[in-house]
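Colleague: Compact mmCIF, C-alpha atoms and all ligand atoms, file coords18.txt:
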```
# COMPACT_ATOMS: atom_id res chain seq x y z
CA MET A 1 4.95 100.86 -35.16
CA PHE A 2 3.16 99.30 -32.22
CA GLN A 3 1.48 101.54 -29.69
CA ALA A 4 -0.09 100.89 -26.28
CA PRO A 5 -3.65 99.59 -26.89
CA TYR A 6 -6.27 102.33 -27.21
CA GLY A 7 -7.39 103.48 -23.76
CA THR A 8 -4.31 102.13 -21.97
CA HIS A 9 -1.15 103.98 -21.03
CA ASP A 10 2.44 103.48 -19.94
CA ILE A 11 3.38 104.77 -16.52
CA LEU A 12 6.66 106.49 -17.35
CA PRO A 13 9.51 107.18 -14.89
CA GLU A 14 8.46 110.84 -14.53
CA ASP A 15 5.03 109.77 -13.27
CA GLN A 16 6.34 107.12 -10.89
CA PRO A 17 6.88 109.60 -8.02
CA TYR A 18 3.09 110.19 -8.00
CA TRP A 19 2.45 106.46 -7.83
CA ASN A 20 5.02 106.00 -5.05
CA PHE A 21 3.51 108.90 -3.13
CA LEU A 22 0.00 107.41 -3.41
CA ARG A 23 1.18 103.93 -2.45
CA GLU A 24 2.95 105.31 0.63
CA ARG A 25 -0.12 107.27 1.70
CA ALA A 26 -2.42 104.30 1.04
CA ASP A 27 -0.14 102.03 3.09
CA GLU A 28 -0.25 104.56 5.92
CA ILE A 29 -4.04 104.93 5.87
CA VAL A 30 -4.63 101.15 5.88
CA ARG A 31 -2.18 100.84 8.77
CA LEU A 32 -4.14 103.46 10.71
CA TYR A 33 -7.49 101.73 10.09
CA GLY A 34 -6.27 98.15 10.44
CA TYR A 35 -6.58 96.80 6.89
CA GLU A 36 -4.47 93.97 5.46
CA ARG A 37 -3.33 93.65 1.87
CA ILE A 38 -4.80 91.05 -0.46
CA ASP A 39 -3.89 90.31 -4.10
CA THR A 40 -6.20 88.28 -6.30
CA PRO A 41 -5.67 86.99 -9.85
CA LEU A 42 -5.93 89.36 -12.81
CA PHE A 43 -8.65 87.16 -14.30
CA GLU A 44 -11.51 85.19 -12.82
CA ASP A 45 -14.30 82.95 -14.01
CA ALA A 46 -16.59 85.26 -16.02
CA GLY A 47 -19.59 84.02 -14.03
CA LEU A 48 -18.23 85.64 -10.85
CA PHE A 49 -18.77 89.13 -12.27
CA VAL A 50 -21.99 88.32 -14.14
CA ARG A 51 -23.51 87.02 -10.89
CA THR A 52 -22.38 89.88 -8.61
CA VAL A 53 -22.04 93.03 -10.72
CA GLY A 54 -25.28 92.14 -12.53
CA VAL A 55 -26.31 90.99 -16.02
CA ASP A 56 -27.97 94.28 -16.94
CA THR A 57 -25.17 96.62 -15.93
CA ASP A 58 -22.93 98.52 -18.38
CA ILE A 59 -19.92 96.61 -17.05
CA VAL A 60 -21.33 93.16 -17.80
CA GLU A 61 -23.28 94.10 -20.92
CA LYS A 62 -20.64 96.11 -22.73
CA GLU A 63 -17.35 96.45 -20.94
CA MET A 64 -15.92 93.10 -19.88
CA TYR A 65 -12.81 91.66 -21.51
CA THR A 66 -13.94 88.04 -21.62
CA PHE A 67 -12.04 85.28 -23.40
CA THR A 68 -12.21 81.53 -23.76
CA ASP A 69 -9.09 79.85 -22.42
CA ARG A 70 -7.53 76.77 -23.98
CA SER A 71 -9.67 74.41 -21.97
CA GLY A 72 -12.85 76.18 -22.95
CA GLY A 73 -13.34 78.16 -19.70
CA GLN A 74 -14.87 81.64 -19.92
CA MET A 75 -12.48 84.01 -18.18
CA THR A 76 -12.77 87.76 -17.58
CA LEU A 77 -10.06 90.31 -16.89
CA ARG A 78 -11.12 91.81 -13.54
CA PRO A 79 -13.56 94.71 -14.27
CA GLU A 80 -13.70 95.59 -10.53
CA GLY A 81 -12.19 94.27 -7.31
CA THR A 82 -14.99 93.55 -4.84
CA ALA A 83 -16.26 90.30 -6.36
CA SER A 84 -12.73 88.82 -6.42
CA VAL A 85 -12.12 89.75 -2.78
CA CYS A 86 -15.43 88.17 -1.73
CA ARG A 87 -14.61 85.04 -3.73
CA ALA A 88 -11.26 84.86 -1.88
CA TYR A 89 -12.94 85.49 1.51
CA ILE A 90 -15.22 82.49 0.93
CA GLU A 91 -12.57 80.26 -0.66
CA HIS A 92 -10.15 80.75 2.24
CA GLY A 93 -12.72 80.38 5.03
CA MET A 94 -12.20 83.92 6.31
CA ALA A 95 -15.65 83.77 7.93
CA SER A 96 -13.92 81.93 10.79
CA CYS A 97 -11.52 84.85 11.41
CA PRO A 98 -12.44 87.64 13.84
CA GLN A 99 -14.91 89.89 12.00
CA PRO A 100 -14.82 92.27 10.28
CA VAL A 101 -12.04 91.14 7.96
CA LYS A 102 -10.61 94.33 6.48
CA LEU A 103 -8.87 93.91 3.16
CA PHE A 104 -7.00 96.35 0.92
CA TYR A 105 -5.85 95.91 -2.68
CA GLN A 106 -4.11 97.78 -5.43
CA ALA A 107 -5.13 96.32 -8.76
CA PRO A 108 -5.33 96.99 -12.49
CA ILE A 109 -8.95 97.02 -13.65
CA PHE A 110 -10.16 96.40 -17.21
CA ARG A 111 -13.27 97.92 -18.76
CA TYR A 112 -13.95 98.35 -22.47
CA GLU A 113 -15.09 101.97 -22.11
CA ARG A 114 -14.98 104.93 -24.44
CA PRO A 115 -11.62 106.48 -23.50
CA GLN A 116 -11.44 110.15 -22.51
CA ALA A 117 -9.59 112.19 -19.88
CA GLY A 118 -9.71 110.14 -16.67
CA ARG A 119 -11.46 107.20 -18.33
CA TYR A 120 -9.34 104.31 -19.54
CA ARG A 121 -9.70 100.72 -20.66
CA GLN A 122 -7.07 99.72 -18.12
CA HIS A 123 -7.02 101.77 -14.95
CA HIS A 124 -5.80 101.05 -11.43
CA GLN A 125 -7.69 101.10 -8.17
CA PHE A 126 -6.98 101.09 -4.49
CA GLY A 127 -9.85 99.12 -2.97
CA PHE A 128 -10.90 98.69 0.65
CA GLU A 129 -13.40 96.06 1.84
CA ALA A 130 -14.61 95.62 5.45
CA ILE A 131 -16.38 92.27 5.55
CA GLY A 132 -18.47 90.92 8.41
CA ASP A 133 -20.02 93.96 10.11
CA GLY A 134 -23.47 95.36 9.36
CA ASP A 135 -23.39 98.30 11.76
CA ALA A 136 -23.71 101.79 10.25
CA MET A 137 -20.58 102.71 12.21
CA SER A 138 -18.67 100.40 9.85
CA ASP A 139 -19.94 102.42 6.85
CA ALA A 140 -19.02 105.65 8.63
CA GLU A 141 -15.51 104.43 9.48
CA LEU A 142 -14.93 103.45 5.84
CA ILE A 143 -16.14 106.81 4.54
CA ASP A 144 -14.01 108.54 7.16
CA MET A 145 -11.00 106.57 5.94
CA ALA A 146 -11.69 107.58 2.32
CA TRP A 147 -12.00 111.23 3.33
CA ARG A 148 -8.81 111.17 5.46
CA PHE A 149 -6.94 109.45 2.63
CA PHE A 150 -7.71 112.28 0.20
CA ALA A 151 -6.95 114.87 2.89
CA SER A 152 -3.56 113.22 3.48
CA LEU A 153 -2.78 113.71 -0.22
CA GLY A 154 -3.54 117.41 0.09
CA LEU A 155 -6.60 117.26 -2.21
CA LYS A 156 -9.08 120.04 -1.61
CA ASN A 157 -12.60 120.99 -2.69
CA LEU A 158 -14.06 117.50 -2.65
CA THR A 159 -17.70 116.65 -2.12
CA LEU A 160 -18.99 113.59 -0.33
CA GLN A 161 -22.39 112.35 -1.47
CA ILE A 162 -24.35 109.58 0.18
CA ASN A 163 -27.63 107.78 -0.43
CA SER A 164 -29.44 104.65 0.70
CA ILE A 165 -30.92 102.32 -1.90
CA GLY A 166 -32.58 99.92 0.55
CA CYS A 167 -32.52 96.14 0.72
CA PRO A 168 -34.36 93.22 -0.93
CA ASP A 169 -37.27 93.79 1.54
CA CYS A 170 -38.00 97.39 0.68
CA ARG A 171 -36.57 97.76 -2.79
CA PRO A 172 -39.38 95.98 -4.70
CA ALA A 173 -41.92 98.64 -3.68
CA TYR A 174 -39.53 101.36 -4.76
CA LEU A 175 -38.78 99.65 -8.07
CA SER A 176 -42.44 99.28 -8.90
CA ARG A 177 -42.96 102.99 -8.20
CA LEU A 178 -39.97 103.74 -10.44
CA ARG A 179 -41.41 101.54 -13.20
CA GLU A 180 -44.72 103.43 -13.01
CA TYR A 181 -42.88 106.73 -13.22
CA TYR A 182 -40.80 105.77 -16.26
CA ALA A 183 -43.78 104.10 -17.97
CA GLY A 184 -45.31 107.57 -18.15
CA HIS A 185 -42.15 109.02 -19.76
CA LYS A 186 -41.10 106.26 -22.14
CA GLU A 187 -40.90 108.43 -25.24
CA GLY A 188 -38.24 110.69 -23.64
CA LEU A 189 -35.83 107.83 -22.86
CA CYS A 190 -32.62 107.06 -24.77
CA GLY A 191 -32.35 103.72 -26.61
CA ASP A 192 -30.37 102.02 -23.82
CA CYS A 193 -32.80 103.14 -21.15
CA LYS A 194 -35.80 101.94 -23.18
CA VAL A 195 -34.28 98.44 -23.19
CA ARG A 196 -33.22 98.65 -19.54
CA SER A 197 -36.62 99.81 -18.39
CA GLU A 198 -37.80 96.27 -19.18
CA LYS A 199 -34.92 94.53 -17.38
CA ASN A 200 -33.38 96.60 -14.58
CA ILE A 201 -35.25 99.80 -13.86
CA LEU A 202 -32.77 101.05 -11.22
CA ARG A 203 -30.05 101.39 -13.87
CA LEU A 204 -32.06 104.18 -15.55
CA LEU A 205 -30.98 106.47 -12.72
CA ASP A 206 -27.31 105.97 -13.77
CA CYS A 207 -27.87 107.24 -17.29
CA LYS A 208 -25.62 110.21 -18.01
CA LYS A 209 -27.23 111.07 -21.39
CA PRO A 210 -28.46 114.69 -21.42
CA THR A 211 -31.87 113.59 -22.77
CA CYS A 212 -32.47 111.31 -19.77
CA GLN A 213 -31.14 113.70 -17.12
CA PRO A 214 -34.32 115.75 -16.58
CA LEU A 215 -36.28 112.52 -16.11
CA THR A 216 -33.74 111.26 -13.57
CA ALA A 217 -34.02 114.52 -11.65
CA GLY A 218 -37.78 114.11 -11.27
CA ALA A 219 -37.74 110.36 -10.47
CA PRO A 220 -39.03 108.94 -7.15
CA ARG A 221 -36.33 108.72 -4.45
CA SER A 222 -35.28 105.46 -2.84
CA VAL A 223 -34.97 107.11 0.60
CA ASP A 224 -38.77 107.60 0.60
CA TYR A 225 -39.35 103.84 0.35
CA LEU A 226 -36.89 102.45 2.92
CA CYS A 227 -38.07 99.79 5.39
CA GLN A 228 -37.60 100.52 9.08
CA GLU A 229 -34.26 98.72 9.29
CA CYS A 230 -32.79 100.53 6.26
CA SER A 231 -34.20 103.82 7.37
CA GLU A 232 -32.66 103.46 10.85
CA HIS A 233 -29.36 102.40 9.30
CA PHE A 234 -29.35 105.52 7.12
CA GLU A 235 -30.23 107.77 10.08
CA GLN A 236 -27.41 106.23 12.12
CA LEU A 237 -24.97 106.66 9.27
CA LYS A 238 -25.82 110.36 8.96
CA ALA A 239 -25.44 110.81 12.72
CA HIS A 240 -22.05 109.04 12.75
CA LEU A 241 -20.81 111.09 9.80
CA SER A 242 -21.82 114.25 11.61
CA THR A 243 -19.99 113.09 14.75
CA LEU A 244 -16.92 112.50 12.59
CA GLN A 245 -17.44 116.02 11.16
CA LEU A 246 -17.57 114.80 7.58
CA PRO A 247 -19.36 117.30 5.33
CA PHE A 248 -21.73 114.99 3.44
CA GLU A 249 -24.57 115.80 1.04
CA ILE A 250 -27.49 113.52 0.28
CA ASN A 251 -27.79 112.74 -3.42
CA SER A 252 -31.06 110.87 -3.70
CA GLY A 253 -30.49 110.10 -7.40
CA MET A 254 -27.24 108.22 -6.83
CA VAL A 255 -27.58 104.43 -7.20
CA ARG A 256 -24.09 103.49 -8.57
CA GLY A 257 -23.55 101.29 -11.58
CA LEU A 258 -23.21 97.88 -9.94
CA ASP A 259 -26.11 95.67 -8.83
CA TYR A 260 -24.67 94.36 -5.59
CA TYR A 261 -25.25 97.42 -3.40
CA THR A 262 -27.70 97.47 -0.49
CA LYS A 263 -28.45 100.36 1.89
CA THR A 264 -25.49 102.80 1.80
CA VAL A 265 -23.94 104.07 -1.43
CA PHE A 266 -21.47 106.97 -1.59
CA GLU A 267 -19.18 108.85 -3.93
CA ILE A 268 -16.44 111.44 -3.57
CA GLN A 269 -15.99 113.96 -6.39
CA PRO A 270 -13.96 117.04 -7.15
CA GLN A 271 -16.33 119.97 -6.54
CA GLU A 272 -15.96 121.63 -9.91
CA GLU A 273 -16.69 118.48 -11.89
CA ARG A 274 -19.93 117.29 -10.30
CA GLY A 275 -20.27 113.72 -11.46
CA GLN A 276 -17.92 113.88 -14.42
CA SER A 277 -14.93 112.50 -12.58
CA THR A 278 -15.78 110.54 -9.45
CA ILE A 279 -12.55 109.76 -7.64
CA ALA A 280 -14.02 107.23 -5.21
CA GLY A 281 -17.20 105.21 -4.97
CA GLY A 282 -18.52 102.43 -2.86
CA GLY A 283 -21.19 101.21 -0.51
CA ARG A 284 -22.66 98.34 1.42
CA TYR A 285 -23.18 94.96 -0.24
CA ASP A 286 -24.85 92.75 2.35
CA GLY A 287 -26.25 90.29 -0.23
CA LEU A 288 -23.13 89.60 -2.27
CA MET A 289 -21.72 86.70 -0.22
CA GLU A 290 -25.05 84.91 -0.33
CA GLU A 291 -25.15 85.45 -4.09
CA LEU A 292 -21.87 83.53 -4.22
CA GLY A 293 -23.26 80.67 -2.14
CA ALA A 294 -21.91 81.65 1.29
CA LYS A 295 -23.92 82.43 4.40
CA PRO A 296 -25.29 85.98 4.59
CA THR A 297 -22.41 88.31 5.46
CA ALA A 298 -22.69 92.07 5.81
CA ALA A 299 -19.93 94.06 4.10
CA VAL A 300 -19.04 97.55 2.98
CA GLY A 301 -16.25 98.89 0.77
CA PHE A 302 -15.05 101.44 -1.71
CA ALA A 303 -12.49 101.88 -4.45
CA THR A 304 -10.65 104.87 -5.84
CA GLY A 305 -9.11 105.33 -9.29
CA ILE A 306 -5.38 106.03 -9.03
CA GLU A 307 -5.12 107.79 -12.42
CA ARG A 308 -8.01 110.08 -11.47
CA ILE A 309 -6.37 110.98 -8.18
CA ILE A 310 -3.15 111.86 -10.03
CA LEU A 311 -5.08 114.01 -12.53
CA ASN A 312 -6.57 115.92 -9.61
CA LEU A 313 -3.23 116.26 -7.79
CA LYS A 314 -1.79 117.82 -10.96
CA LYS A 315 -4.84 119.99 -11.56
CA GLN A 316 -4.66 121.33 -8.00
CA GLY A 317 -0.91 121.94 -8.31
CA ILE A 318 -0.10 119.73 -5.34
CA VAL A 319 3.63 119.31 -4.94
CA ILE A 320 4.64 115.78 -4.07
CA PRO A 321 7.90 114.76 -2.40
CA GLU A 322 10.93 114.79 -4.73
CA PRO A 323 12.11 111.29 -5.62
CA VAL A 324 15.43 110.28 -4.08
CA LYS A 325 18.24 110.68 -6.65
CA PRO A 326 21.46 108.66 -6.85
CA MET A 327 24.10 110.23 -4.61
CA VAL A 328 27.20 109.68 -6.68
CA PHE A 329 28.26 109.77 -10.31
CA VAL A 330 31.63 108.17 -11.10
CA ALA A 331 33.35 109.95 -14.00
CA TRP A 332 36.52 108.54 -15.57
CA LEU A 333 39.04 109.38 -18.26
CA GLY A 334 41.06 106.61 -19.99
CA GLU A 335 40.87 102.82 -20.01
CA VAL A 336 42.75 102.24 -16.74
CA ALA A 337 40.47 104.69 -14.97
CA ARG A 338 37.43 103.06 -16.53
CA ARG A 339 38.24 99.77 -14.79
CA LYS A 340 38.86 101.58 -11.52
CA ALA A 341 35.53 103.41 -11.89
CA VAL A 342 33.66 100.10 -12.14
CA GLU A 343 35.46 98.88 -9.01
CA VAL A 344 34.70 102.10 -7.07
CA ALA A 345 31.01 102.07 -8.12
CA GLY A 346 30.71 98.43 -6.97
CA GLU A 347 32.24 99.22 -3.57
CA LEU A 348 30.01 102.27 -3.01
CA ARG A 349 26.89 100.23 -3.83
CA LEU A 350 27.99 97.55 -1.36
CA ASP A 351 28.11 100.34 1.22
CA GLY A 352 24.52 101.27 0.33
CA ILE A 353 25.42 104.42 -1.64
CA ALA A 354 23.39 104.81 -4.86
CA THR A 355 25.93 105.25 -7.64
CA VAL A 356 25.75 105.82 -11.40
CA VAL A 357 28.55 105.17 -13.87
CA THR A 358 28.59 105.05 -17.67
CA TYR A 359 30.83 102.89 -19.80
CA THR A 360 31.15 104.72 -23.13
CA PRO A 361 34.12 107.17 -23.27
CA ARG A 362 32.95 110.79 -22.89
CA SER A 363 34.63 114.09 -22.09
CA LEU A 364 34.72 115.15 -18.43
CA LYS A 365 32.40 118.03 -19.30
CA ALA A 366 29.84 115.64 -20.81
CA GLN A 367 30.06 113.37 -17.77
CA LEU A 368 29.55 116.29 -15.36
CA ARG A 369 26.49 117.34 -17.35
CA GLN A 370 25.19 113.80 -17.11
CA ALA A 371 25.76 113.75 -13.34
CA ASP A 372 23.83 116.99 -13.00
CA GLY A 373 20.97 115.63 -15.13
CA ALA A 374 20.77 112.50 -12.97
CA GLY A 375 20.47 114.71 -9.88
CA CYS A 376 23.67 113.36 -8.24
CA ARG A 377 25.13 115.47 -5.48
CA TYR A 378 28.70 114.18 -5.83
CA VAL A 379 30.96 113.33 -8.74
CA VAL A 380 33.91 111.04 -8.16
CA ILE A 381 36.51 111.82 -10.85
CA ILE A 382 39.12 109.21 -11.73
CA GLY A 383 41.97 109.81 -14.20
CA GLU A 384 45.17 107.86 -14.75
CA GLU A 385 47.01 110.01 -12.20
CA GLU A 386 44.43 109.25 -9.50
CA VAL A 387 44.70 105.56 -10.22
CA ALA A 388 48.49 105.72 -9.87
CA GLN A 389 48.21 107.54 -6.50
CA GLY A 390 45.37 105.40 -5.09
CA VAL A 391 43.07 108.43 -4.69
CA VAL A 392 39.95 109.86 -6.30
CA THR A 393 38.85 113.45 -6.79
CA LEU A 394 35.55 114.11 -5.03
CA ARG A 395 33.53 117.06 -6.27
CA ASP A 396 30.47 118.31 -4.37
CA LEU A 397 28.11 119.70 -7.04
CA SER A 398 26.12 121.65 -4.44
CA ASN A 399 29.06 124.03 -3.76
CA ALA A 400 31.60 123.16 -6.52
CA GLN A 401 34.23 122.28 -3.83
CA GLN A 402 36.56 119.44 -4.63
CA GLU A 403 39.24 117.47 -2.81
CA GLN A 404 41.33 114.35 -3.19
CA VAL A 405 40.28 111.40 -1.05
CA PRO A 406 42.11 108.08 -0.63
CA HIS A 407 40.20 105.41 -2.50
CA GLY A 408 39.69 103.32 0.67
CA LYS A 409 38.16 106.24 2.62
CA LEU A 410 35.66 107.37 -0.01
CA ALA A 411 32.56 105.57 1.28
CA LYS A 412 33.09 106.75 4.85
CA LYS A 413 33.66 110.33 3.69
CA LEU A 414 30.40 110.29 1.67
CA GLN A 415 28.45 108.79 4.55
CA GLN A 416 29.80 111.43 6.94
CA GLY A 417 28.98 114.23 4.53
CA ASN A 418 25.29 113.28 4.62
P1 LIG A 501 -16.49 102.04 -9.45
O1 LIG A 501 -17.22 103.28 -9.06
O2 LIG A 501 -16.92 101.36 -10.67
O3 LIG A 501 -16.62 101.06 -8.20
O4 LIG A 501 -14.95 102.35 -9.55
C1 LIG A 501 -14.23 102.92 -8.47
C2 LIG A 501 -13.39 104.10 -8.95
O5 LIG A 501 -12.51 103.66 -10.00
C3 LIG A 501 -14.16 105.24 -9.57
O6 LIG A 501 -14.64 106.11 -8.57
C4 LIG A 501 -13.10 105.91 -10.42
O7 LIG A 501 -12.28 106.75 -9.62
C5 LIG A 501 -12.26 104.75 -10.90
N1 LIG A 501 -12.63 104.34 -12.27
C6 LIG A 501 -13.69 103.59 -12.63
N2 LIG A 501 -13.69 103.39 -13.97
C7 LIG A 501 -12.59 104.01 -14.45
C8 LIG A 501 -12.01 104.16 -15.75
N3 LIG A 501 -12.57 103.60 -16.83
N4 LIG A 501 -10.87 104.86 -15.89
C9 LIG A 501 -10.28 105.42 -14.80
N5 LIG A 501 -10.77 105.32 -13.54
C10 LIG A 501 -11.91 104.62 -13.37
C11 LIG A 501 -16.09 99.82 -8.13
O8 LIG A 501 -15.33 99.36 -8.94
C12 LIG A 501 -16.49 99.07 -6.87
N6 LIG A 501 -15.82 97.76 -6.88
C13 LIG A 501 -16.12 99.87 -5.64
C14 LIG A 501 -16.46 99.17 -4.36
C15 LIG A 501 -15.59 98.53 -3.55
N7 LIG A 501 -17.68 99.04 -3.87
C16 LIG A 501 -17.61 98.31 -2.75
N8 LIG A 501 -16.36 98.01 -2.56
```
Once more with this new file: its structure as structure tokens, please.
Modeller:
Amino acid sequence: MFQAPYGTHDILPEDQPYWNFLRERADEIVRLYGYERIDTPLFEDAGLFVRTVGVDTDIVEKEMYTFTDRSGGQMTLRPEGTASVCRAYIEHGMASCPQPVKLFYQAPIFRYERPQAGRYRQHHQFGFEAIGDGDAMSDAELIDMAWRFFASLGLKNLTLQINSIGCPDCRPAYLSRLREYYAGHKEGLCGDCKVRSEKNILRLLDCKKPTCQPLTAGAPRSVDYLCQECSEHFEQLKAHLSTLQLPFEINSGMVRGLDYYTKTVFEIQPQEERGQSTIAGGGRYDGLMEELGAKPTAAVGFATGIERIILNLKKQGIVIPEPVKPMVFVAWLGEVARRKAVEVAGELRLDGIATVVTYTPRSLKAQLRQADGAGCRYVVIIGEEEVAQGVVTLRDLSNAQQEQVPHGKLAKKLQQGN
């Protein structure tokens, strides 16, 4: 028997109300903050991600689904959304639009990770990118939007952590200090970190292995090495977040697992999990456009994992709106009535009334049970007698009342009753 590939999952009808709820709330938040939807292809030239996410990151080193297409091109299933959006921004000349260009996406994301609760090989993200504004207010607005989004879902007990990891001017001094620090602790590092310490020292701060954690905790902090511009930017960000009354914490060890970030980085996590299950992460990436050959363009964004949000909604017992059920079930008895039932169902649907009917003969009792299971409020019962008289029997399942209604007046009666 075939099964969904390891680390992927089907989104079954019973989970769809969560997805609908999140989509509705995401649409509302992007409307409030002036974002527009963008959809980019599921796969891109592999080089796009290698260049932006970074050669020495977990994503590029170990997690990308890369394949050679039939003309020999190296393609990668999107392992994150920001690079694709920036590629589209450049390709479609969005630099000539009023800035910032604010773009929103909902996209499946593919990473060959070790699956566990909340970690999948295919997950889905809502992503938000504000491109073309370097002001710290832009970072603050984005973080505010993320926070309001989770509040609108009813999620509680979240923490907001921020950090600044500087820019190409000030980062080299910090990196050399970090190299010195780790050089003195080489024997304590895990295998991956030993290799990375040669190539990309910043990534050592991402390591979640228990053996490396104490070293991370004692490592030099990027905020102590910021140039004046980055330092002012960070001070302004903190001031704006305070004005917006967002309860942030500074996590000086947070660098995030992608190479494109400059200045601000931030994450939102459920309080009790502390780092195990980040529900949103993002930051500023002022150098990414240039990396792709465009003129320097400041930008900031974040993404949130939809499956992780749903896990947290369930964990916190948050009740989401009931899905809308079909209004009417048409039950019939006998072949003549069966044909009439199909006709009645067709007419009700034309009048915009959601209607269910089945075609295999069943007892009235079985059909009533089915109507109840489908959540229908009304059952229209048609037997041979009803057909002969041009009426139907209408039963209201909410109060077990029933009456005969002329066939031609059924739709109006149902519309009036609701
Ligand atoms: P990221 O932190 O790699 O950032 O992913 C964003 C969110 O996607 C995470 O906070 C988490 O909720 C969810 N997520 C990540 N990996 C998985 C997984 N394997 N299974 C389930 N959920 C997952 C980015 O992707 C950046 N592009 C965010 C960004 C946008 N930065 C600037 N703009």
Colleague: Counting only C-alpha atoms, which residues come within 10 Å of (34.0, 107.5, -1.0), with the point read in the file's coordinates, and could you list them as a ChimeraX atom specification?
Modeller: /A:328,344-345,347-348,351,353,378,380,391-394,405-416
Colleague: In Å, with one decimal, what is the gap from atom CA of Ala299 of chain A to atom CA of Gly132 of chain A?
Modeller: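 Computing the Euclidean distance for atom CA of Ala299 of chain A and atom CA of Gly132 of chain A yields 5.5 Å.
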Colleague: Could you give me, as a PyMOL selection string, every polymer residue with an atom at most 8 Å away from an atom of ligand LIG 501 (chain A), counting all atoms listed in the file?
Modeller: chain A and resi 79-83+109-113+115+118-125+127-129+256-258+261+267-268+277-285+300-309
Colleague: With only C-alpha atoms as the basis for distance, which of A:Ala239, A:Pro270, A:Phe234, A:Asp396 is at the shortest distance from Leu311 of chain A?
Modeller: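 When distances to Leu311 of chain A are compared using only C-alpha atoms, the smallest one comes from A:Pro270.
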Colleague: Between A:Ile382, A:Ile250, A:Val50, A:Ala130, which one has atoms that come closest to Glu63 of chain A, using all atoms listed in the file?
Modeller: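 Of the candidates, the smallest distance to Glu63 of chain A is held by A:Val50.
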Colleague: Please report the interatomic distance between atom CA of Phe49 of chain A and atom CA of Ser231 of chain A in Å with one decimal.
Modeller: 29.0 Å
Colleague: What's around Cys86 of chain A at 12 Å? Count only C-alpha atoms, leave out sequence neighbours fewer than 6 positions away in its own chain, and write the answer as number ranges by chain.
Modeller: A: 38-40, 48-49, 52, 80, 92-95, 101-103, 128-132, 260, 285-301
Colleague: Need to verify the contact set: Asp144 of chain A, 9 Å, all atoms listed in the file, exclusion of same-chain residues closer than 5 positions in sequence. Can you return it as a ChimeraX atom specification?
Modeller: /A:139,149,241,244,246
Colleague: Can those selected residues be exported to a file as a PDB file, in the coordinates of the input so that it contains C-alpha atoms?
Modeller:
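Saved file result_33.pdb follows:
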```
ATOM      1  CA  ASP A 139     -19.940 102.420   6.850  1.00  0.00           C
ATOM      2  CA  PHE A 149      -6.940 109.450   2.630  1.00  0.00           C
ATOM      3  CA  LEU A 241     -20.810 111.090   9.800  1.00  0.00           C
ATOM      4  CA  LEU A 244     -16.920 112.500  12.590  1.00  0.00           C
ATOM      5  CA  LEU A 246     -17.570 114.800   7.580  1.00  0.00           C
TER       6      LEU A 246
END
```
